[in-house]
>>> print(open('protein20.cif').read())   # mmCIF, C-alpha atoms and all ligand atoms
data_start
loop_
_atom_site.label_atom_id
_atom_site.label_comp_id
_atom_site.auth_asym_id
_atom_site.auth_seq_id
_atom_site.Cartn_x
_atom_site.Cartn_y
_atom_site.Cartn_z
CA TYR A 15 -4.30 -9.62 -16.86
CA SER A 16 -5.90 -8.25 -19.97
CA SER A 17 -4.05 -6.39 -22.62
CA ILE A 18 -5.22 -3.02 -23.92
CA ASN A 19 -4.49 -1.00 -27.00
CA PRO A 20 -1.30 0.85 -26.09
CA HIS A 21 -1.87 3.75 -28.43
CA ARG A 22 -5.31 4.48 -27.00
CA ALA A 23 -3.75 4.43 -23.55
CA GLY A 24 -1.63 7.40 -24.54
CA LEU A 25 1.75 5.84 -23.80
CA PRO A 26 3.14 5.06 -27.23
CA GLY A 27 6.74 5.80 -26.16
CA LEU A 28 6.77 2.79 -23.89
CA LEU A 29 5.20 0.50 -26.33
CA ASN A 30 7.18 0.04 -29.45
CA LYS A 31 8.71 -3.25 -28.38
CA THR A 32 6.43 -4.53 -25.64
CA ASN A 33 2.76 -4.98 -25.06
CA LEU A 34 1.16 -2.92 -22.35
CA PHE A 35 -0.85 -4.84 -19.82
CA VAL A 36 -3.42 -3.58 -17.41
CA PHE A 37 -2.60 -5.03 -14.03
CA PHE A 38 -5.38 -5.92 -11.68
CA ARG A 39 -6.45 -8.58 -9.21
CA THR A 40 -9.94 -9.92 -8.92
CA ASP A 41 -9.46 -11.66 -5.56
CA VAL A 42 -8.54 -8.59 -3.48
CA ALA A 43 -9.53 -4.93 -3.28
CA SER A 44 -6.81 -2.93 -4.97
CA VAL A 45 -8.33 0.50 -4.32
CA THR A 46 -9.80 2.09 -1.18
CA PRO A 47 -13.22 3.78 -1.05
CA TRP A 48 -11.34 7.12 -1.35
CA LEU A 49 -9.54 5.89 -4.48
CA ALA A 50 -6.11 5.28 -3.01
CA PRO A 51 -4.36 2.29 -4.56
CA ILE A 52 -3.73 -0.78 -2.41
CA VAL A 53 -0.50 -2.33 -3.65
CA TRP A 54 -0.55 -6.09 -4.19
CA GLU A 55 1.59 -8.34 -6.31
CA GLY A 56 -0.01 -8.30 -9.77
CA THR A 57 -1.20 -4.68 -9.60
CA PHE A 58 1.94 -3.06 -11.01
CA ASP A 59 4.75 -3.70 -13.48
CA SER A 60 8.07 -3.28 -11.67
CA ARG A 61 9.99 -2.72 -14.92
CA VAL A 62 7.73 0.13 -15.98
CA ILE A 63 7.72 1.96 -12.65
CA ASP A 64 11.43 1.44 -12.07
CA SER A 65 12.23 2.94 -15.45
CA ILE A 66 9.99 5.95 -14.75
CA TYR A 67 11.35 6.73 -11.29
CA LYS A 68 15.00 5.92 -12.00
CA GLN A 69 15.19 9.23 -13.86
CA GLN A 70 14.04 11.28 -10.88
CA ASN A 71 17.17 11.18 -8.72
CA ILE A 72 15.23 10.52 -5.53
CA THR A 73 16.59 9.71 -2.06
CA ILE A 74 14.66 7.53 0.35
CA ALA A 75 15.39 8.10 4.03
CA THR A 76 14.70 4.98 6.07
CA THR A 77 14.63 5.03 9.83
CA VAL A 78 15.08 2.13 12.15
CA PHE A 79 15.48 1.85 15.93
CA ALA A 80 17.52 -0.80 17.71
CA LEU A 81 17.76 -0.34 21.46
CA GLY A 82 18.77 -2.94 24.02
CA LYS A 83 18.74 -6.47 22.67
CA TYR A 84 17.13 -5.39 19.40
CA THR A 85 20.58 -4.69 17.95
CA ARG A 86 20.65 -8.44 17.24
CA PHE A 87 18.16 -7.88 14.43
CA LEU A 88 20.27 -5.31 12.59
CA LYS A 89 22.45 -7.65 10.55
CA ASP A 90 19.57 -9.49 8.90
CA PHE A 91 17.59 -6.29 8.49
CA LEU A 92 20.40 -4.45 6.70
CA GLU A 93 21.67 -7.41 4.68
CA SER A 94 18.22 -8.32 3.44
CA ALA A 95 17.48 -4.64 2.68
CA GLU A 96 20.54 -4.61 0.46
CA GLU A 97 19.06 -7.51 -1.47
CA HIS A 98 15.44 -6.37 -1.76
CA TYR A 99 14.75 -2.81 -0.59
CA PHE A 100 14.81 -0.10 -3.28
CA VAL A 101 17.58 -1.89 -5.10
CA GLY A 102 19.29 0.51 -7.51
CA PHE A 103 17.95 3.60 -5.72
CA ARG A 104 19.62 5.99 -3.29
CA VAL A 105 18.73 4.95 0.25
CA HIS A 106 19.92 6.61 3.43
CA PHE A 107 19.34 4.56 6.59
CA TYR A 108 19.15 6.47 9.88
CA LEU A 109 19.70 4.04 12.69
CA PHE A 110 18.93 5.03 16.28
CA THR A 111 20.49 2.94 19.01
CA ASP A 112 21.71 3.11 22.59
CA GLN A 113 24.61 0.79 21.69
CA PRO A 114 26.46 2.09 18.65
CA GLU A 115 29.27 -0.42 19.28
CA GLU A 116 26.83 -3.26 18.52
CA VAL A 117 25.98 -2.02 15.02
CA PRO A 118 27.22 -4.70 12.62
CA ASN A 119 29.53 -3.81 9.80
CA VAL A 120 27.30 -4.54 6.82
CA LYS A 121 28.74 -3.68 3.45
CA LEU A 122 26.34 -1.34 1.69
CA GLY A 123 26.13 -0.92 -2.06
CA GLN A 124 26.69 2.17 -4.13
CA GLU A 125 24.49 5.12 -3.14
CA ARG A 126 23.42 3.35 0.06
CA TYR A 127 24.30 5.18 3.26
CA LEU A 128 23.98 4.51 6.98
CA THR A 129 24.03 7.16 9.71
CA VAL A 130 24.10 5.90 13.29
CA LYS A 131 22.59 8.10 15.98
CA THR A 132 22.97 7.45 19.66
CA LEU A 133 20.02 7.57 22.03
CA PRO A 134 19.84 7.12 25.79
CA SER A 135 18.60 3.70 26.95
CA MET A 136 14.98 3.33 27.98
CA ASN A 137 13.42 0.96 30.48
CA ARG A 138 10.01 0.29 28.98
CA TRP A 139 9.53 -1.20 25.51
CA GLN A 140 6.36 0.84 25.22
CA ASP A 141 8.40 4.02 25.74
CA ILE A 142 10.91 2.95 23.09
CA SER A 143 8.13 2.26 20.65
CA MET A 144 6.24 5.49 21.35
CA SER A 145 9.29 7.77 21.55
CA ARG A 146 9.98 7.02 17.90
CA MET A 147 7.34 9.54 16.83
CA GLU A 148 9.05 12.50 18.47
CA ILE A 149 12.52 11.42 17.31
CA LEU A 150 11.28 11.08 13.72
CA GLU A 151 9.53 14.45 13.95
CA LYS A 152 12.79 16.12 15.00
CA LEU A 153 14.90 14.20 12.47
CA ILE A 154 12.68 15.40 9.62
CA GLU A 155 12.65 18.95 10.98
CA ASN A 156 16.36 19.25 11.65
CA GLU A 157 18.12 17.11 9.09
CA LEU A 158 16.15 15.63 6.27
CA ALA A 159 14.78 18.64 4.41
CA SER A 160 17.70 18.87 2.02
CA GLU A 161 18.67 15.20 2.29
CA ALA A 162 15.71 13.11 1.20
CA ASP A 163 12.47 13.08 -0.78
CA TYR A 164 10.61 10.20 0.84
CA ILE A 165 10.85 8.55 4.20
CA PHE A 166 9.91 5.09 5.45
CA CYS A 167 9.93 4.27 9.15
CA LEU A 168 10.38 0.56 9.80
CA ASP A 169 10.58 -1.88 12.70
CA VAL A 170 13.95 -3.57 13.06
CA ASP A 171 12.86 -7.04 14.18
CA THR A 172 12.13 -7.73 10.56
CA LYS A 173 13.61 -9.08 7.36
CA PHE A 174 13.05 -8.49 3.65
CA TYR A 175 12.25 -11.52 1.52
CA GLY A 176 11.04 -9.92 -1.68
CA ARG A 177 11.05 -6.71 -3.65
CA TRP A 178 10.03 -3.50 -1.84
CA GLY A 179 10.42 -0.75 -4.41
CA VAL A 180 9.06 2.44 -5.93
CA GLU A 181 5.56 1.00 -6.17
CA SER A 182 5.39 1.92 -2.47
CA TRP A 183 6.00 5.62 -2.98
CA GLY A 184 3.22 8.03 -2.18
CA ARG A 185 2.41 11.22 -0.32
CA LEU A 186 1.22 9.32 2.76
CA VAL A 187 1.59 5.56 2.92
CA GLY A 188 0.13 3.10 5.42
CA VAL A 189 0.53 -0.67 5.58
CA ILE A 190 -2.41 -2.94 6.38
CA HIS A 191 -1.68 -4.99 9.50
CA PRO A 192 -1.34 -8.67 8.52
CA TRP A 193 -3.67 -9.89 11.27
CA PHE A 194 -6.52 -7.63 10.22
CA PHE A 195 -6.66 -7.54 6.46
CA ASN A 196 -9.46 -10.03 6.12
CA VAL A 197 -11.41 -9.59 9.33
CA PRO A 198 -14.48 -7.45 10.08
CA ARG A 199 -13.96 -3.98 11.51
CA PHE A 200 -15.42 -4.77 14.93
CA LEU A 201 -12.36 -6.96 15.56
CA PHE A 202 -9.87 -4.17 14.86
CA THR A 203 -7.93 -3.36 18.02
CA TYR A 204 -8.45 0.41 17.86
CA GLU A 205 -8.43 2.45 21.06
CA HIS A 206 -12.06 2.60 22.16
CA ARG A 207 -11.73 4.59 25.40
CA PRO A 208 -12.90 8.18 24.80
CA LYS A 209 -10.41 9.44 27.40
CA SER A 210 -7.52 8.70 25.01
CA GLN A 211 -6.67 10.97 22.10
CA ALA A 212 -6.37 7.80 20.00
CA TYR A 213 -10.10 7.11 20.52
CA ILE A 214 -11.97 5.77 17.54
CA PRO A 215 -15.72 5.35 18.07
CA ALA A 216 -17.29 1.92 17.48
CA GLY A 217 -18.24 1.47 13.85
CA LYS A 218 -15.66 3.96 12.60
CA GLY A 219 -12.36 3.21 10.89
CA ASP A 220 -11.33 2.01 7.46
CA TYR A 221 -8.45 -0.43 7.87
CA TYR A 222 -6.23 -1.46 10.76
CA TYR A 223 -2.74 -0.19 9.98
CA THR A 224 0.50 -1.47 11.44
CA GLY A 225 2.79 0.82 13.39
CA ALA A 226 5.76 -1.22 12.13
CA ALA A 227 5.94 0.47 8.73
CA PHE A 228 4.67 3.77 7.37
CA GLY A 229 6.03 6.49 5.15
CA GLY A 230 5.49 9.15 2.55
CA SER A 231 6.70 12.63 1.74
CA LEU A 232 8.73 14.43 4.39
CA LYS A 233 5.98 16.98 4.89
CA ASP A 234 3.24 14.43 5.40
CA VAL A 235 5.26 12.13 7.65
CA HIS A 236 6.35 15.16 9.66
CA ASN A 237 2.74 16.09 10.24
CA LEU A 238 1.89 12.49 11.16
CA THR A 239 4.73 12.12 13.68
CA LYS A 240 4.14 15.56 15.18
CA THR A 241 0.41 14.93 15.60
CA CYS A 242 0.93 11.49 17.14
CA ARG A 243 3.57 12.90 19.51
CA GLU A 244 1.23 15.71 20.59
CA GLN A 245 -1.65 13.29 21.11
CA MET A 246 0.54 10.95 23.16
CA ASN A 247 1.68 13.88 25.32
CA ILE A 248 -1.94 14.77 26.04
CA ASP A 249 -2.62 11.14 26.96
CA THR A 250 0.37 11.13 29.33
CA ALA A 251 -0.91 14.30 31.01
CA ASN A 252 -4.27 12.55 31.40
CA SER A 253 -2.64 9.36 32.77
CA ILE A 254 -3.74 7.13 29.93
CA GLU A 255 -1.70 5.08 27.47
CA ALA A 256 -3.43 3.93 24.31
CA LEU A 257 -3.99 0.19 23.92
CA TRP A 258 -1.37 -0.30 21.20
CA HIS A 259 0.70 2.78 21.98
CA GLU A 260 1.79 4.79 18.93
CA GLU A 261 0.05 2.30 16.63
CA SER A 262 -3.31 3.33 18.13
CA HIS A 263 -2.48 7.00 17.49
CA LEU A 264 -1.34 6.19 13.96
CA ASN A 265 -4.67 4.50 13.28
CA LYS A 266 -6.54 7.53 14.58
CA TYR A 267 -4.38 9.80 12.39
CA PHE A 268 -5.02 7.72 9.27
CA LEU A 269 -8.77 7.76 9.92
CA TYR A 270 -8.86 11.54 9.61
CA ASN A 271 -5.88 11.98 7.25
CA LYS A 272 -6.43 9.27 4.68
CA PRO A 273 -3.29 7.67 3.27
CA SER A 274 -2.81 8.33 -0.43
CA LYS A 275 -1.53 4.78 -0.89
CA LEU A 276 -1.91 1.56 1.09
CA LEU A 277 0.47 -1.36 1.01
CA SER A 278 -1.01 -4.81 1.35
CA PRO A 279 0.23 -7.17 4.10
CA GLU A 280 2.85 -8.40 1.61
CA TYR A 281 4.76 -5.39 2.95
CA LEU A 282 4.56 -6.48 6.58
CA TRP A 283 4.00 -10.14 7.29
CA ARG A 284 4.87 -12.15 10.36
CA ASP A 285 7.22 -15.12 10.39
CA ILE A 286 4.79 -17.48 12.00
CA SER A 287 2.44 -19.87 10.37
CA MET A 288 -0.46 -17.78 9.20
CA SER A 289 -2.89 -18.59 6.45
CA SER A 290 -1.70 -16.39 3.61
CA GLY A 291 -4.79 -16.53 1.36
CA SER A 292 -4.45 -13.66 -1.08
CA VAL A 293 -0.86 -12.91 -0.08
CA LYS A 294 1.12 -14.41 -2.95
CA ILE A 295 4.49 -13.00 -2.00
CA ILE A 296 6.00 -11.97 1.33
CA ARG A 297 8.22 -8.95 0.87
CA PHE A 298 8.93 -7.87 4.44
CA SER A 299 8.13 -9.67 7.64
CA HIS A 300 8.49 -9.51 11.38
CA VAL A 301 10.81 -12.29 12.50
CA ALA A 302 9.70 -14.64 15.25
CA LYS A 303 10.99 -13.50 18.63
CA ASN A 304 10.45 -14.16 22.30
CA ASN A 305 9.13 -10.81 23.54
CA ALA A 306 9.77 -11.66 27.19
CA GLU A 307 13.42 -12.44 26.47
CA VAL A 308 14.24 -9.61 24.07
CA ARG A 309 12.35 -6.66 25.52
CA PRO A 310 13.60 -4.78 28.60
CA ASN A 311 12.38 -6.36 31.84
N1 LIG A 401 12.46 -1.56 20.02
C1 LIG A 401 13.81 -1.55 20.38
N2 LIG A 401 14.17 -2.10 21.57
C2 LIG A 401 13.27 -2.64 22.43
C3 LIG A 401 11.91 -2.65 22.07
C4 LIG A 401 11.54 -2.10 20.85
O1 LIG A 401 14.65 -1.08 19.64
O2 LIG A 401 13.69 -3.14 23.49
C5 LIG A 401 12.06 -0.92 18.74
C6 LIG A 401 12.48 -1.74 17.53
O3 LIG A 401 12.72 -0.88 16.45
C7 LIG A 401 11.23 -2.57 17.25
C8 LIG A 401 10.14 -1.56 17.58
O4 LIG A 401 11.19 -3.01 15.90
O5 LIG A 401 10.66 -0.79 18.69
C9 LIG A 401 8.79 -2.15 17.95
O6 LIG A 401 8.97 -3.12 18.96
P1 LIG A 401 8.18 -4.50 18.92
O7 LIG A 401 6.75 -4.15 19.17
O8 LIG A 401 8.39 -5.07 17.54
O9 LIG A 401 8.77 -5.36 20.00
#
>>> encode(input="protein20.cif", output="structure tokens", more="lines below")
Ligand code: U5P
Amino acid sequence: YSSINPHRAGLPGLLNKTNLFVFFRTDVASVTPWLAPIVWEGTFDSRVIDSIYKQQNITIATTVFALGKYTRFLKDFLESAEEHYFVGFRVHFYLFTDQPEEVPNVKLGQERYLTVKTLPSMNRWQDISMSRMEILEKLIENELASEADYIFCLDVDTKFYGRWGVESWGRLVGVIHPWFFNVPRFLFTYEHRPKSQAYIPAGKGDYYYTGAAFGGSLKDVHNLTKTCREQMNIDTANSIEALWHEESHLNKYFLYNKPSKLLSPEYLWRDISMSSGSVKIIRFSHVAKNNAEVRPN
């Protein structure tokens, strides 16, 4: 980090007692070609941004789905969120499940709320995963307008291990998939069949984003979920399912609607041995699971 003259930076109010530092990393890209920040450890000062946003009285809606055996992940998800996820901010979890009786009784802190919503069971894990787009679209439309400012939509077979805070806020936020942050584009698993609405031509695409975490303003996430739902409906009518389901449609959406902020793979890692390279801190991670055992047969 290099220090700069605080008074030239135009922030004298913050600087009477502390030095201001410019935060940057030289080993990773921390900005996209369209000038959206890519958030890595070392690119922000949590004390500074917390103190700025604390004053704004903002509510973060957070959605999570736990159908079938995935209710087993809820306890760790919620408990670890209490420890690391927007600590000190108002968070409202919306939990969709087909088994409300399996929702664990996790004690939530002040200004942390949980609403449980019941869904019918589904037989295919792909349908569960894809149906999230339409359910989120309707949730935003019908309930969130006066309830929240930002929304994050997260996988449940996950756990928080480190801070996930206001540095992640933005109009439209995507998370770089941990398997694809340091590989060439031709290896990205985009949908390459032109028959699918998720089609991305060879040579196109910026990053490969995970479907396990995305967010932003209500308006932008509404448009994202609505568009993906519409595109998936067209695919169904044409008897095609995109390679990675709603994740393929999300990647297509982000290609033509660039995220205003990207989160590095610190914000979605995977609990298996993976060379971490530039990832200095794991904030949120998929837990190891046996897909064949936990998904519907
Ligand atoms: N999911 C379920 N139940 C299932 C399969 C998937 O609730 O049987 C939801 C979970 O929220 C999970 C997400 O985090 O879909 C994506 O599934 P997966 O690709 O991580 O298995």
>>> residues_near_ligand(input="protein20.cif", ligand="ligand LIG 401 (chain A)", cutoff="7 Å", atoms="all atoms listed in the file", output="list in words")
Val78, Phe79, Ala80, Leu81, Gly82, Lys83, Tyr84, Trp139, Ile142, Ser143, Asp169, Val170, Asp171, Ala226, Asn305, Val308, Arg309 and Pro310 of chain A
>>> closest_residue(input="protein20.cif", among="A:Tyr108, A:Trp178, A:Tyr127, A:Trp193", to="Glu157 of chain A", atoms="all atoms listed in the file")
A:Tyr108
>>> atom_distance(input="protein20.cif", atom1="atom CA of Leu264 of chain A", atom2="atom CA of Asp249 of chain A")
14.0 Å
>>> closest_residue(input="protein20.cif", among="A:Asn311, A:Ser292, A:Thr241, A:Thr250", to="Asn271 of chain A", atoms="all atoms listed in the file")
A:Thr241
>>> closest_residue(input="protein20.cif", among="A:Gln211, A:Ser65, A:Thr77, A:Asn196", to="Ile149 of chain A", atoms="all atoms listed in the file")
A:Thr77
>>> residues_near_point(input="protein20.cif", point="(9.0, 1.8, -10.3)", cutoff="12 Å", atoms="only C-alpha atoms", output="ChimeraX atom specification")
/A:58-70,72,100-103,177-184
>>> closest_residue(input="protein20.cif", among="A:Leu92, A:Ala43, A:Leu158, A:Leu122", to="Tyr175 of chain A", atoms="all atoms listed in the file")
A:Leu92
>>> residues_near_point(input="protein20.cif", point="(-13.1, 1.1, 18.3)", cutoff="9 Å", atoms="only C-alpha atoms", output="ChimeraX atom specification")
/A:199-207,213-219
>>> atom_distance(input="protein20.cif", atom1="atom CA of Val189 of chain A", atom2="atom CA of Leu277 of chain A")
4.6 Å
>>> closest_residue(input="protein20.cif", among="A:Ile154, A:Val130, A:Val197, A:Ile74", to="Asp234 of chain A", atoms="all atoms listed in the file")
A:Ile154
>>> closest_residue(input="protein20.cif", among="A:Asp141, A:Glu97, A:Asp90, A:Glu280", to="Met246 of chain A", atoms="all atoms listed in the file")
A:Asp141
>>> atom_distance(input="protein20.cif", atom1="atom CA of Pro279 of chain A", atom2="atom CA of Pro192 of chain A")
4.9 Å
>>> residues_around(input="protein20.cif", residues="Lys272 of chain A", least_positions_apart="4", cutoff="12 Å", atoms="only C-alpha atoms", output="PyMOL selection string")
chain A and resi 46-51+184-188+219-221+223+234+238+264-268+276
>>> residues_around(input="protein20.cif", residues="Gly176 of chain A", least_positions_apart="6", cutoff="7 Å", atoms="all atoms listed in the file", output="count of residues only")
4
>>> residues_around(input="protein20.cif", residues="Lys294 of chain A", least_positions_apart="3", cutoff="9 Å", atoms="all atoms listed in the file", output="PyMOL selection string")
chain A and resi 54-55+280+290-291
